[in-house]
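Everything below belongs to work29.cif, which stores mmCIF, C-alpha atoms.
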```
data_target
loop_
_atom_site.label_atom_id
_atom_site.label_comp_id
_atom_site.auth_asym_id
_atom_site.auth_seq_id
_atom_site.Cartn_x
_atom_site.Cartn_y
_atom_site.Cartn_z
CA MET A 1 -22.76 236.43 -1.74
CA ILE A 2 -19.95 234.79 0.24
CA ASP A 3 -18.48 236.85 3.07
CA ARG A 4 -14.75 237.46 2.95
CA ILE A 5 -12.82 235.62 5.65
CA GLY A 6 -9.24 235.42 6.86
CA PHE A 7 -6.65 237.45 4.98
CA ALA A 8 -9.19 238.41 2.29
CA ALA A 9 -11.21 240.16 5.00
CA GLU A 10 -8.09 241.87 6.32
CA LEU A 11 -7.26 243.15 2.83
CA ALA A 12 -10.74 244.52 2.36
CA ALA A 13 -10.70 246.27 5.75
CA TYR A 14 -7.24 247.72 5.08
CA THR A 15 -8.42 249.10 1.75
CA GLU A 16 -11.40 250.84 3.34
CA THR A 17 -9.18 252.81 5.71
CA ARG A 18 -5.84 253.06 3.91
CA GLY A 19 -6.50 252.36 0.24
CA PRO A 20 -4.94 249.44 -1.64
CA VAL A 21 -1.36 248.28 -1.19
CA THR A 22 0.54 249.68 -4.18
CA ILE A 23 3.18 247.54 -5.86
CA GLY A 24 6.11 248.80 -7.89
CA LEU A 25 6.86 245.90 -10.23
CA ALA A 26 10.19 245.28 -11.94
CA GLY A 27 9.90 242.96 -14.92
CA ALA A 28 7.06 242.34 -17.38
CA GLY A 29 7.88 238.85 -18.61
CA GLN A 30 5.80 235.80 -17.84
CA MET A 31 5.82 236.30 -14.06
CA GLY A 32 5.42 240.07 -14.19
CA THR A 33 2.46 239.73 -16.53
CA ASP A 34 0.89 237.22 -14.14
CA ILE A 35 1.17 239.73 -11.30
CA VAL A 36 -0.44 242.54 -13.33
CA VAL A 37 -3.35 240.29 -14.30
CA GLN A 38 -3.82 238.81 -10.81
CA THR A 39 -3.81 242.12 -8.96
CA ALA A 40 -6.50 243.41 -11.32
CA LEU A 41 -8.75 240.67 -9.90
CA MET A 42 -7.98 241.35 -6.25
CA THR A 43 -9.30 243.66 -3.56
CA GLY A 44 -6.68 245.52 -1.57
CA VAL A 45 -3.65 245.22 -3.87
CA ARG A 46 -2.78 246.98 -7.11
CA VAL A 47 0.18 247.44 -9.42
CA GLY A 48 0.95 251.14 -9.50
CA ALA A 49 4.05 251.10 -11.67
CA ILE A 50 6.01 248.71 -13.89
CA ALA A 51 9.70 249.02 -14.77
CA ALA A 52 11.03 247.23 -17.85
CA ASN A 53 13.55 247.80 -20.62
CA GLY A 54 10.84 249.15 -22.89
CA PRO A 55 7.12 249.96 -22.75
CA ARG A 56 5.83 247.23 -25.10
CA ARG A 57 5.59 244.30 -22.69
CA PRO A 58 4.23 246.32 -19.74
CA MET A 59 1.56 247.79 -22.01
CA GLU A 60 0.68 244.31 -23.28
CA ALA A 61 0.36 243.07 -19.70
CA ILE A 62 -1.88 246.02 -18.79
CA ALA A 63 -4.11 245.32 -21.80
CA MET A 64 -4.21 241.59 -20.99
CA ALA A 65 -5.42 242.47 -17.48
CA GLY A 66 -8.48 244.10 -19.06
CA TYR A 67 -7.64 247.76 -18.58
CA ASP A 68 -8.74 250.33 -21.15
CA ALA A 69 -6.34 251.85 -23.67
CA GLY A 70 -4.47 254.68 -22.03
CA HIS A 71 -4.45 253.06 -18.58
CA GLY A 72 -0.70 252.60 -18.88
CA VAL A 73 1.19 255.91 -18.76
CA VAL A 74 4.86 256.26 -19.68
CA ALA A 75 6.68 258.01 -16.83
CA GLY A 76 10.33 258.95 -16.56
CA SER A 77 10.59 260.37 -13.04
CA PRO A 78 9.35 259.64 -9.51
CA ALA A 79 6.98 262.61 -9.74
CA ALA A 80 5.52 261.35 -13.02
CA ILE A 81 5.08 257.87 -11.55
CA ASP A 82 3.31 259.37 -8.53
CA ALA A 83 1.03 261.42 -10.77
CA ALA A 84 0.01 258.35 -12.77
CA ILE A 85 -0.73 256.36 -9.60
CA GLU A 86 -2.73 259.24 -8.11
CA ALA A 87 -4.80 259.31 -11.31
CA GLY A 88 -5.60 255.62 -10.84
CA ARG A 89 -3.40 254.49 -13.73
CA ILE A 90 -0.30 252.33 -14.02
CA ALA A 91 3.00 254.10 -14.65
CA VAL A 92 5.43 252.46 -17.09
CA THR A 93 9.11 253.32 -16.82
CA ASP A 94 12.53 252.07 -17.85
CA ASP A 95 14.15 253.53 -14.73
CA ILE A 96 14.27 251.28 -11.63
CA GLU A 97 15.71 254.17 -9.62
CA ALA A 98 12.60 256.23 -10.35
CA LEU A 99 10.42 253.21 -9.52
CA CYS A 100 12.03 252.80 -6.10
CA ALA A 101 11.95 256.55 -5.37
CA SER A 102 8.23 256.90 -6.06
CA GLY A 103 6.41 258.12 -2.98
CA ARG A 104 3.18 256.34 -3.95
CA VAL A 105 4.77 252.89 -4.19
CA ASP A 106 4.55 250.86 -0.96
CA VAL A 107 6.53 247.78 -1.91
CA ILE A 108 8.83 246.67 -4.72
CA VAL A 109 8.44 243.27 -6.39
CA ASP A 110 11.40 241.86 -8.34
CA ALA A 111 10.24 239.64 -11.20
CA THR A 112 13.38 240.02 -13.33
CA GLY A 113 15.24 236.73 -12.71
CA SER A 114 18.63 238.41 -13.09
CA PRO A 115 21.08 238.17 -10.14
CA GLU A 116 22.65 241.51 -11.09
CA VAL A 117 19.43 243.44 -11.71
CA GLY A 118 17.80 241.89 -8.66
CA THR A 119 20.68 242.87 -6.40
CA ARG A 120 20.69 246.44 -7.66
CA LEU A 121 16.90 246.70 -7.42
CA ALA A 122 16.81 245.36 -3.86
CA LEU A 123 19.47 247.83 -2.73
CA LEU A 124 17.63 250.72 -4.35
CA ALA A 125 14.39 249.66 -2.68
CA ILE A 126 16.05 249.42 0.72
CA GLU A 127 17.80 252.77 0.29
CA ASN A 128 14.43 254.35 -0.52
CA GLY A 129 12.72 252.81 2.51
CA LYS A 130 10.70 250.32 0.48
CA HIS A 131 9.93 246.72 1.35
CA ILE A 132 11.19 244.24 -1.26
CA VAL A 133 9.58 240.99 -2.43
CA MET A 134 12.09 238.79 -4.27
CA LEU A 135 10.51 236.55 -6.87
CA ASN A 136 14.13 236.48 -8.07
CA VAL A 137 15.46 233.37 -6.30
CA GLU A 138 18.72 233.51 -8.28
CA ALA A 139 19.64 236.81 -6.61
CA ASP A 140 18.39 235.64 -3.22
CA ILE A 141 20.64 232.56 -3.04
CA THR A 142 23.64 234.66 -4.06
CA VAL A 143 23.41 237.69 -1.76
CA GLY A 144 20.02 237.42 -0.06
CA ARG A 145 21.50 237.06 3.41
CA LEU A 146 23.35 240.37 3.04
CA LEU A 147 20.30 242.09 1.51
CA ALA A 148 18.18 240.87 4.42
CA ARG A 149 20.67 242.37 6.88
CA LYS A 150 20.64 245.70 5.07
CA ALA A 151 16.84 245.71 4.96
CA LYS A 152 16.60 245.01 8.68
CA ALA A 153 19.05 247.82 9.44
CA ALA A 154 16.95 250.17 7.31
CA GLY A 155 13.72 249.17 9.02
CA VAL A 156 12.12 247.52 5.98
CA VAL A 157 11.19 243.93 5.14
CA TYR A 158 13.05 241.65 2.73
CA THR A 159 11.14 238.53 1.74
CA GLY A 160 10.90 235.75 -0.78
CA SER A 161 7.60 235.38 -2.59
CA ALA A 162 4.60 233.31 -1.64
CA GLY A 163 3.61 230.84 -4.34
CA ASP A 164 7.12 229.94 -5.43
CA GLU A 165 8.15 226.44 -4.31
CA PRO A 166 10.53 227.58 -1.54
CA ALA A 167 7.95 229.66 0.34
CA ALA A 168 5.24 227.04 -0.25
CA THR A 169 7.57 224.41 1.25
CA LEU A 170 8.27 226.65 4.24
CA GLU A 171 4.54 226.71 5.00
CA LEU A 172 4.63 222.93 5.47
CA ILE A 173 7.85 223.02 7.48
CA ALA A 174 6.41 225.64 9.83
CA PHE A 175 3.23 223.58 10.22
CA ALA A 176 5.24 220.47 11.11
CA GLN A 177 7.47 222.35 13.54
CA SER A 178 4.44 223.92 15.23
CA LEU A 179 3.13 220.41 15.93
CA GLY A 180 6.48 219.34 17.37
CA MET A 181 7.26 216.88 14.56
CA GLU A 182 10.79 216.09 13.41
CA VAL A 183 11.43 217.48 9.94
CA VAL A 184 13.26 214.74 8.06
CA ALA A 185 13.30 216.30 4.60
CA ALA A 186 11.54 218.91 2.51
CA GLY A 187 11.47 219.91 -1.11
CA LYS A 188 9.54 219.69 -4.34
CA GLY A 189 8.49 217.46 -7.17
CA LYS A 190 10.32 218.42 -10.35
CA ASN A 191 7.86 219.61 -12.98
CA ASN A 192 9.84 218.90 -16.15
CA PRO A 193 11.81 215.90 -17.45
CA LEU A 194 15.41 216.18 -16.18
CA ARG A 195 18.04 216.68 -18.91
CA HIS A 196 21.35 218.03 -17.67
CA ASP A 197 22.58 218.81 -21.20
CA ALA A 198 19.49 220.71 -22.42
CA VAL A 199 20.08 223.86 -24.50
CA PRO A 200 17.58 226.57 -25.59
CA GLU A 201 17.76 225.76 -29.31
CA GLU A 202 16.10 222.41 -28.64
CA TYR A 203 13.06 223.98 -26.99
CA GLU A 204 12.11 226.85 -29.28
CA GLU A 205 8.92 225.12 -30.48
CA GLU A 206 7.80 224.37 -26.91
CA ASP A 207 8.77 227.91 -26.00
CA ARG A 208 6.34 229.31 -28.56
CA ALA A 209 3.57 226.89 -27.57
CA ARG A 210 3.86 227.77 -23.88
CA ASN A 211 4.58 231.49 -24.37
CA MET A 212 7.82 231.08 -22.44
CA ASN A 213 11.39 232.18 -22.91
CA ALA A 214 13.39 229.16 -24.17
CA ARG A 215 16.33 229.99 -21.91
CA MET A 216 14.07 230.08 -18.86
CA LEU A 217 12.49 226.79 -19.92
CA VAL A 218 15.93 225.19 -20.09
CA GLU A 219 16.75 226.54 -16.63
CA PHE A 220 13.90 224.32 -15.41
CA ILE A 221 14.70 221.30 -17.59
CA ASP A 222 18.46 221.08 -16.90
CA GLY A 223 17.76 221.11 -13.16
CA SER A 224 19.21 224.54 -12.42
CA LYS A 225 15.94 225.98 -11.13
CA THR A 226 15.41 223.00 -8.83
CA MET A 227 18.93 223.41 -7.44
CA VAL A 228 18.33 227.15 -6.94
CA GLU A 229 15.01 226.60 -5.18
CA MET A 230 16.28 223.84 -2.89
CA THR A 231 19.25 226.03 -1.98
CA ALA A 232 16.80 228.81 -1.06
CA ILE A 233 14.85 226.42 1.18
CA GLY A 234 18.08 225.40 2.89
CA ASN A 235 19.18 228.97 3.40
CA SER A 236 15.84 229.87 5.01
CA THR A 237 15.63 226.86 7.35
CA GLY A 238 19.01 225.25 7.99
CA LEU A 239 18.12 222.14 5.96
CA VAL A 240 21.08 220.98 3.87
CA PRO A 241 21.61 218.77 0.80
CA ASP A 242 22.41 215.23 1.97
CA VAL A 243 24.90 214.81 -0.89
CA PRO A 244 26.17 217.30 -3.49
CA GLY A 245 23.48 217.68 -6.14
CA MET A 246 20.97 215.98 -3.79
CA HIS A 247 19.51 212.50 -4.38
CA GLY A 248 16.56 213.41 -6.61
CA PRO A 249 15.04 209.92 -6.43
CA GLU A 250 12.11 208.63 -8.48
CA ALA A 251 9.85 208.76 -5.43
CA THR A 252 6.11 208.93 -6.05
CA LEU A 253 3.35 210.40 -3.95
CA ASP A 254 2.72 206.94 -2.49
CA ASN A 255 6.29 206.12 -1.38
CA LEU A 256 7.85 209.57 -0.92
CA ALA A 257 8.10 209.27 2.88
CA GLN A 258 9.61 205.77 2.62
CA ILE A 259 12.40 206.92 0.25
CA LEU A 260 13.28 210.46 1.38
CA CYS A 261 13.73 209.36 4.98
CA CYS A 262 16.75 208.21 6.95
CA GLU A 263 18.58 204.96 6.27
CA GLU A 264 17.49 203.62 9.67
CA ASP A 265 13.88 203.90 8.44
CA GLY A 266 14.65 202.33 5.05
CA GLY A 267 15.34 205.52 3.09
CA VAL A 268 18.28 207.13 1.33
CA LEU A 269 19.16 209.98 3.73
CA SER A 270 22.13 209.79 6.09
CA LYS A 271 20.50 212.13 8.63
CA PRO A 272 17.28 214.12 9.12
CA GLY A 273 17.12 217.82 8.30
CA ARG A 274 17.71 217.48 4.56
CA VAL A 275 16.47 219.30 1.47
CA ASP A 276 15.86 217.30 -1.71
CA TYR A 277 13.54 216.78 -4.67
CA THR A 278 11.87 213.94 -6.52
CA ILE A 279 11.42 213.17 -10.21
CA GLY A 280 8.76 210.54 -9.49
CA LYS A 281 5.14 210.84 -10.59
CA GLY A 282 2.38 212.45 -8.60
CA VAL A 283 4.34 214.98 -6.51
CA ALA A 284 4.89 217.78 -9.04
CA PRO A 285 3.74 220.52 -9.24
CA GLY A 286 3.53 220.24 -5.46
CA VAL A 287 5.93 220.55 -2.54
CA PHE A 288 6.43 218.29 0.45
CA CYS A 289 7.74 217.95 3.97
CA VAL A 290 8.62 214.46 5.24
CA VAL A 291 8.06 214.29 8.99
CA LYS A 292 8.50 211.79 11.80
CA PRO A 293 6.21 212.18 14.82
CA ARG A 294 8.05 211.92 18.13
CA HIS A 295 5.59 209.57 19.89
CA PRO A 296 4.17 206.12 18.96
CA ARG A 297 0.64 207.39 19.61
CA ALA A 298 1.06 210.18 17.05
CA ILE A 299 2.51 207.73 14.52
CA GLU A 300 -0.43 205.40 15.10
CA ARG A 301 -2.94 208.23 14.69
CA MET A 302 -1.40 209.55 11.44
CA ALA A 303 -1.38 206.04 9.98
CA ASP A 304 -5.00 205.61 11.06
CA LEU A 305 -5.83 208.91 9.31
CA LYS A 306 -4.39 207.45 6.06
CA VAL A 307 -1.48 209.90 5.85
CA GLY A 308 0.81 206.93 5.21
CA PRO A 309 2.13 203.73 6.78
CA GLY A 310 4.75 205.47 8.94
CA PRO A 311 6.95 205.88 10.81
CA CYS A 312 7.65 208.79 8.45
CA PHE A 313 4.89 210.67 6.63
CA ALA A 314 4.77 213.08 3.69
CA LEU A 315 2.86 216.31 4.17
CA VAL A 316 2.15 217.49 0.63
CA ARG A 317 0.82 220.71 -0.84
CA PRO A 318 -0.19 219.52 -4.33
CA PHE A 319 0.12 222.91 -6.03
CA HIS A 320 2.02 226.17 -6.06
CA LEU A 321 0.74 229.22 -7.91
CA THR A 322 4.10 230.98 -8.42
CA SER A 323 3.62 234.63 -9.34
CA LEU A 324 -0.16 234.51 -8.88
CA GLU A 325 0.45 234.39 -5.11
CA THR A 326 3.14 237.09 -5.09
CA PRO A 327 0.65 239.93 -4.35
CA LEU A 328 -0.12 238.24 -1.02
CA SER A 329 3.52 238.61 0.06
CA ALA A 330 3.46 242.25 -1.00
CA ALA A 331 0.34 242.85 1.07
CA ARG A 332 1.66 241.05 4.15
CA VAL A 333 4.90 243.02 4.30
CA VAL A 334 3.06 246.33 4.03
CA MET A 335 0.18 245.49 6.39
CA HIS A 336 1.98 243.35 8.97
CA ARG A 337 5.72 243.71 8.19
CA ARG A 338 5.77 239.91 8.01
CA PRO A 339 8.06 238.10 5.56
CA ASP A 340 7.05 234.81 3.97
CA MET A 341 10.64 233.69 3.53
CA VAL A 342 13.92 235.23 4.67
CA PRO A 343 17.42 233.70 4.85
CA VAL A 344 18.72 232.70 8.27
CA ASP A 345 21.70 234.81 9.27
CA ARG A 346 24.35 232.15 8.75
CA PRO A 347 25.63 230.26 5.69
CA VAL A 348 23.81 226.97 5.06
CA ALA A 349 23.66 225.90 1.41
CA GLU A 350 25.25 227.02 -1.84
CA CYS A 351 24.26 226.61 -5.46
CA GLY A 352 27.38 226.10 -7.51
CA ALA A 353 27.59 225.27 -11.21
CA ARG A 354 28.78 222.34 -13.32
CA ALA A 355 29.85 222.62 -16.95
CA LYS A 356 27.35 221.40 -19.55
CA ARG A 357 30.05 221.41 -22.24
CA SER A 358 33.84 221.70 -22.47
CA LEU A 359 34.88 225.25 -21.70
CA GLU A 360 38.10 226.75 -22.99
CA PRO A 361 40.14 229.53 -21.37
CA GLY A 362 38.96 232.94 -22.50
CA THR A 363 35.32 231.91 -22.77
CA THR A 364 32.85 234.40 -21.31
CA LEU A 365 29.99 232.48 -19.75
CA GLY A 366 26.38 233.12 -20.70
CA ARG A 367 23.24 233.24 -18.57
CA ILE A 368 21.71 230.48 -16.49
CA GLY A 369 19.76 228.20 -18.82
CA THR A 370 22.10 228.46 -21.79
CA ALA A 371 24.64 225.88 -23.04
CA ASP A 372 27.52 226.60 -20.65
CA TYR A 373 26.62 225.35 -17.16
CA ARG A 374 23.85 224.17 -14.84
CA GLY A 375 23.11 224.65 -11.15
CA TYR A 376 24.43 222.25 -8.51
CA ALA A 377 23.25 222.44 -4.88
CA MET A 378 25.80 221.81 -2.12
CA GLU A 379 26.27 222.30 1.59
CA TRP A 380 27.99 225.65 2.16
CA ARG A 381 31.07 224.22 3.88
CA HIS A 382 31.60 221.71 1.09
CA ALA A 383 31.21 224.40 -1.55
CA ARG A 384 33.70 226.57 0.32
CA SER A 385 36.24 223.73 0.53
CA GLU A 386 35.91 223.19 -3.23
CA SER A 387 36.16 226.95 -3.99
CA ALA A 388 32.86 226.60 -5.86
CA LEU A 389 31.81 229.59 -7.93
CA PRO A 390 28.26 230.58 -6.91
CA LEU A 391 25.76 230.11 -9.71
CA GLY A 392 24.68 233.74 -9.39
CA LEU A 393 28.20 234.90 -10.31
CA ALA A 394 28.63 232.64 -13.36
CA GLU A 395 27.08 234.99 -15.90
CA HIS A 396 29.83 237.10 -17.54
CA ALA A 397 32.54 235.13 -15.69
CA ARG A 398 35.65 234.33 -17.75
CA VAL A 399 37.07 230.84 -17.95
CA THR A 400 40.76 230.83 -16.97
CA ARG A 401 41.54 227.10 -17.17
CA PRO A 402 40.09 224.28 -19.30
CA VAL A 403 36.88 222.90 -17.77
CA ALA A 404 35.63 219.44 -18.71
CA VAL A 405 31.97 218.45 -19.12
CA GLY A 406 30.48 217.89 -15.66
CA GLU A 407 33.35 219.64 -13.84
CA LEU A 408 32.55 222.09 -11.07
CA LEU A 409 33.09 225.77 -11.86
CA THR A 410 35.43 227.22 -9.24
CA TYR A 411 37.34 230.38 -8.46
CA GLU A 412 40.40 228.47 -9.74
CA ASN A 413 39.03 227.90 -13.24
CA CYS A 414 36.75 230.94 -13.60
CA THR A 415 36.92 234.61 -12.66
CA PRO A 416 33.62 236.41 -11.97
CA ASP A 417 32.97 239.85 -13.44
CA ALA A 418 34.27 242.26 -10.80
CA SER A 419 32.37 245.17 -12.36
CA LEU A 420 29.01 243.68 -11.33
CA LEU A 421 27.34 244.81 -8.11
CA VAL A 422 26.32 241.24 -7.28
CA THR A 423 29.98 240.16 -7.46
CA ARG A 424 31.10 242.92 -5.13
CA MET A 425 28.29 242.22 -2.65
CA ARG A 426 29.04 238.51 -2.66
CA HIS A 427 32.69 239.32 -1.94
CA GLU A 428 31.53 241.40 1.05
CA LEU A 429 29.37 238.52 2.27
CA ASP A 430 32.14 235.95 1.81
CA ALA A 431 34.64 238.10 3.68
CA ALA A 432 32.26 238.35 6.63
CA ASP A 433 31.62 234.59 6.55
CA GLU A 434 35.33 233.86 6.48
CA ARG A 435 35.67 235.92 9.63
CA ASP A 436 32.58 234.63 11.45
CA PHE A 437 32.04 231.05 10.22
CA ARG A 438 35.44 229.71 9.19
#
```
Can the structure in the file be given as structure tokens, please?
Amino acid sequence: MIDRIGFAAELAAYTETRGPVTIGLAGAGQMGTDIVVQTALMTGVRVGAIAANGPRRPMEAIAMAGYDAGHGVVAGSPAAIDAAIEAGRIAVTDDIEALCASGRVDVIVDATGSPEVGTRLALLAIENGKHIVMLNVEADITVGRLLARKAKAAGVVYTGSAGDEPAATLELIAFAQSLGMEVVAAGKGKNNPLRHDAVPEEYEEEDRARNMNARMLVEFIDGSKTMVEMTAIGNSTGLVPDVPGMHGPEATLDNLAQILCCEEDGGVLSKPGRVDYTIGKGVAPGVFCVVKPRHPRAIERMADLKVGPGPCFALVRPFHLTSLETPLSAARVVMHRRPDMVPVDRPVAECGARAKRSLEPGTTLGRIGTADYRGYAMEWRHARSESALPLGLAEHARVTRPVAVGELLTYENCTPDASLLVTRMRHELDAADERDFR
């Protein structure tokens, strides 16, 4: 037998005195299913309730995790959810209000991927005194800064999720900063081939083979997910895209630190403190932080330790476990009130959108990952000067002027859906920024 150490030991000790941390999970797609399965293997964390549009997928996830038939219990109220959790079962509901109001749920995890649903869910969690873990990066980059403020005012924790590339990258950035190194750049290796014009219909066969949603697969392939994730890193650190859309060079594991470094050191960046990604081999599915030690002795030592030739070096985490790591964030916020990733309280980066096809006036735009548009990371001030429409507000927006292929979606050629909560909250955030950061 191997003794538990570190956080595993803390989880076990917490469980002995307090019982397991209980998660209220929203979403039972690929990521939600991962969380249900992973928590079933862990000590100290459990899923107590799952909210989804219908019971089929939550029940399938519960069965996949190895639970007996009848372990999932349909519940329509907070009291019914509490009763199921107290009986050691998993409540299944279609009501996120009931999920957030449950007294037996310690923390809410958003695995929906929808900016609108994620915004509403986070607000409900905060209003009910629940911590919120956002695996929904699309909502976070749109209104996360305002949600974090509201959570802080309510005395709860708002955090991004461990395991997703942004939080995994922040681990490396924090490590480098702790050692006093200059952070030159940070980001990820892109997992999929980059095709800006990808549409779901082209990936239905791969979708079936990988048990993925074709639209979500396209969100990765057309670059939108990378733009979203790099924007989230920027908003949590102050790192900014060096150029609109970032460089995205074909840098490999061997030459990453010699390409994503400053021009004075032979690289492509105009200044340090940048966020970017690479499409070169050997980095994906990992994340990286390019650093420059501040003393010749430290440079000499890192070169001697085979980290690279210098003067810049790539610190690389060669993996990220996405939703499999999410339960760790849920446990940390409950046990220690410690977020893994939270936006800084000022505007930094923005993810806009560029048209993937010609768009005519009157068109109502579809979801991220469809045929209408793709994500495009920018520095906040540049996005503001261009009147860029945030990616998280593009769904259901109406086109008001002709938009050419590759053209930026703006408030001049598109009108977001004012009936959506995420639109109204973003308007509140923008009004405050116009006052405080003009």
Practice task
Determine the residue set returned by the PyMOL selection byres ((chain A and resi 332) around 12) for the present structure, and present it as a PyMOL selection string.
Solution key: chain A and resi 7-8+10-11+14+21+44-45+106-107+131-133+157-162+325-331+333-341
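Across the structure, CA of Thr410 in chain A and CA of Asn191 in chain A are spaced 28.8 Å apart.
One distance worth recording is that between CA of Ala176 in chain A and CA of Ala9 in chain A, which is 26.4 Å.
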Problem - Residues within 6 Å of Lys292 in chain A, all atoms listed in the file, excluding chain neighbours under 4 positions, as a PyMOL selection string - result: chain A and resi 181-182+312
Result set of the PyMOL selection byres ((chain A and resi 165-175) around 9) on the coordinates above, as a CSV table (one decimal) with C-alpha atoms, in the frame of the given file:
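Result written to expr_25.csv:
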```csv
chain,number,residue,atom,x,y,z
A,137,VAL,CA,15.5,233.4,-6.3
A,160,GLY,CA,10.9,235.8,-0.8
A,161,SER,CA,7.6,235.4,-2.6
A,162,ALA,CA,4.6,233.3,-1.6
A,163,GLY,CA,3.6,230.8,-4.3
A,164,ASP,CA,7.1,229.9,-5.4
A,176,ALA,CA,5.2,220.5,11.1
A,177,GLN,CA,7.5,222.4,13.5
A,178,SER,CA,4.4,223.9,15.2
A,179,LEU,CA,3.1,220.4,15.9
A,180,GLY,CA,6.5,219.3,17.4
A,181,MET,CA,7.3,216.9,14.6
A,183,VAL,CA,11.4,217.5,9.9
A,186,ALA,CA,11.5,218.9,2.5
A,187,GLY,CA,11.5,219.9,-1.1
A,188,LYS,CA,9.5,219.7,-4.3
A,229,GLU,CA,15.0,226.6,-5.2
A,230,MET,CA,16.3,223.8,-2.9
A,231,THR,CA,19.2,226.0,-2.0
A,232,ALA,CA,16.8,228.8,-1.1
A,233,ILE,CA,14.8,226.4,1.2
A,236,SER,CA,15.8,229.9,5.0
A,237,THR,CA,15.6,226.9,7.4
A,285,PRO,CA,3.7,220.5,-9.2
A,286,GLY,CA,3.5,220.2,-5.5
A,287,VAL,CA,5.9,220.6,-2.5
A,288,PHE,CA,6.4,218.3,0.4
A,289,CYS,CA,7.7,218.0,4.0
A,290,VAL,CA,8.6,214.5,5.2
A,291,VAL,CA,8.1,214.3,9.0
A,315,LEU,CA,2.9,216.3,4.2
A,316,VAL,CA,2.2,217.5,0.6
A,317,ARG,CA,0.8,220.7,-0.8
A,319,PHE,CA,0.1,222.9,-6.0
A,320,HIS,CA,2.0,226.2,-6.1
A,321,LEU,CA,0.7,229.2,-7.9
A,322,THR,CA,4.1,231.0,-8.4
A,340,ASP,CA,7.0,234.8,4.0
A,341,MET,CA,10.6,233.7,3.5
```
Problem - Nearest to Arg46 in chain A by atom-to-atom distance, counting all atoms listed in the file, from A:Gly238, A:Gly32, A:Pro402, A:Gly88 - result: A:Gly88
The PyMOL selection byres ((chain A and resi 363) around 9) - which residues does that actually catch in the file I just gave you? List them as an mmCIF file with C-alpha atoms, in the frame of the given file.
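Final output, expr-v9.cif:
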```
data_model
loop_
_atom_site.group_PDB
_atom_site.id
_atom_site.type_symbol
_atom_site.label_atom_id
_atom_site.label_comp_id
_atom_site.auth_asym_id
_atom_site.auth_seq_id
_atom_site.Cartn_x
_atom_site.Cartn_y
_atom_site.Cartn_z
ATOM 1 C CA LEU A 359 34.880 225.250 -21.700
ATOM 2 C CA GLU A 360 38.100 226.750 -22.990
ATOM 3 C CA PRO A 361 40.140 229.530 -21.370
ATOM 4 C CA GLY A 362 38.960 232.940 -22.500
ATOM 5 C CA THR A 364 32.850 234.400 -21.310
ATOM 6 C CA LEU A 365 29.990 232.480 -19.750
ATOM 7 C CA ALA A 397 32.540 235.130 -15.690
ATOM 8 C CA ARG A 398 35.650 234.330 -17.750
ATOM 9 C CA VAL A 399 37.070 230.840 -17.950
ATOM 10 C CA THR A 400 40.760 230.830 -16.970
#
```
Problem - Neighbour list for Ile85 in chain A as a VMD selection string, cut-off 9 Å, all atoms listed in the file, skip fewer than 2 positions in-chain - result: chain A and resid 22 47 to 49 80 to 83 87 to 91 104 to 105
Problem - Computed interatomic separation between CA of Ala40 in chain A and CA of Cys100 in chain A (Å) - result: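 Rounded to one decimal, the two atoms are 21.4 Å apart.
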Problem - Residue nearest Arg57 in chain A among A:Val342, A:Arg18, A:Ala79, A:Gly29 (counting only C-alpha atoms) - result: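 Answer, going by the shortest atom-to-atom distance: A:Gly29.
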Practice task
Extract, using all atoms listed in the file, all DNA, RNA and protein residues at most 7 Å from Pro343 in chain A, discarding same-chain residues fewer than 5 positions from it, and format them as number ranges by chain.
Solution key: A: 144-145, 235-236
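In terms of minimum interatomic distance to Lys306 in chain A, A:Asp254 ranks closest within A:Asp276, A:Asp430, A:Asp254, A:Glu86, counting all atoms listed in the file.
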Exercise for the section: Using only C-alpha atoms, determine which residues lie at most 6 Å from range 60-70 of chain A, disregarding the query and same-chain residues fewer than 2 positions distant; provide the list as a PyMOL selection string. Expected result: chain A and resi 33+37+57-58+72
Practice task
Counting all atoms listed in the file, note down every residue that has an atom within 12 Å of the point (29.1, 231.8, 8.2) (file coordinates), as number ranges by chain.
Solution key: A: 145-146, 235, 344-350, 379-381, 384, 429-438
Handout entry: Selected residue of minimal separation from Asn128 in chain A among A:Ala101, A:Ala148, A:Met302, A:Ile108, counting all atoms listed in the file
Key = A:Ala101
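The protein and nucleic acid residues lying at most 9 Å from Gly369 in chain A are Ala198, Val199, Pro200, Ala214, Arg215, Met216, Leu217, Val218, Glu219, Phe220, Ile221, Asp222, Ser224, Lys225, Gly366, Arg367, Ala371, Asp372, Tyr373 and Arg374 of chain A, with all atoms listed in the file considered and sequence neighbours fewer than 2 positions away removed.
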Handout entry: Pick from A:Ala111, A:Ala355, A:Val422, A:Ala377 nearest to Ala404 in chain A, counting all atoms listed in the file
Key =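 Distance minimum relative to Ala404 in chain A lands on A:Ala355.
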Completion exercise
Judged by only C-alpha atoms, the minimum distance to Thr415 in chain A among A:Val403, A:Leu389, A:Leu269, A:Val109 is found for A:Leu389
